[in-house]
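Reading through the structure tokens given below for one structure.
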Amino acid sequence: MRANPKRDTRPEVVVRSLLHASGLRFRKHHAIKLAELTVRPDIVFTKQKMAVFIDGCFWHACPTHGNVPRANTDYWVPKLQRNVDRDRAVDTALAEAGWQVLRGWSTSPQRRSRRASAWR
């Protein structure tokens, strides 16, 4: 699993390219320091205080494309649930600090596309 990139995934690069081509300027993986944690969204619009996350279907338990591995479910089910819980906690902390949060799903490996999928 270490081979899975943490940043600059294909969906991120595609979304950033589209945003940049539209004339929007942003920071990527810019650290937002909150009282209790530091968050690094995939795309950050600092002036507008908007944080954009492009979540992978597997790692963030997409209800449409995500799946739970059949092997070692005692490990994977809690692991994926912790990821979802962390996402919600980050969303809440950013909102309380006055940030807008936009989360989108990347496409699943079975449905690879050259653009990001629907926003959640």
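Residues in the structure tokens are numbered from 1 in each chain, the chains being A, B, ... in the order shown, and ligands are numbered from 1 in the order shown.
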Stretch 6-42 of chain A: which residues are helix (DSSP H, G or I) by DSSP, as a list in words?
Arg10, Pro11, Glu12, Val13, Val14, Val15, Arg16, Ser17, Leu18, Leu19, His20 and Ala21 of chain A
Find the residues of stretch 53-116 of chain A that sit at most 8 Å from stretch 36-46 of chain A; for each, write down the nearest two atoms and how far apart they are in Å, to one decimal. Count only C-alpha atoms. Sort by chain, then by number going up, and give it as a tab-separated table.
residue	atom	partner	partner_atom	distance
A:Phe53	CA	A:Asp42	CA	5.2
A:Ile54	CA	A:Asp42	CA	6.6
A:Val90	CA	A:Val39	CA	7.4
Store the residues picked out above in a file with C-alpha atoms, as a PDB file, in the first residue's frame.
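Result written to part.pdb:
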ATOM      1  CA  PHE A  53     -10.356  17.448  -1.028  1.00  0.00           C
ATOM      2  CA  ILE A  54     -10.416  14.832  -3.777  1.00  0.00           C
ATOM      3  CA  VAL A  90     -11.535  17.730   9.618  1.00  0.00           C
TER       4      VAL A  90
END
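Going from atom CA of A:Trp99 over to atom CA of A:Thr64, you cover 27.3 Å.
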In Å and to one decimal, atom CA of A:Leu102 is distant from atom CA of A:Val52 by 4.8 Å
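The nearest approach to A:Ser106 among the residues A:Pro63, A:Gly56, A:Pro78, A:Gly23, with only C-alpha atoms taken into account, belongs to A:Gly56.
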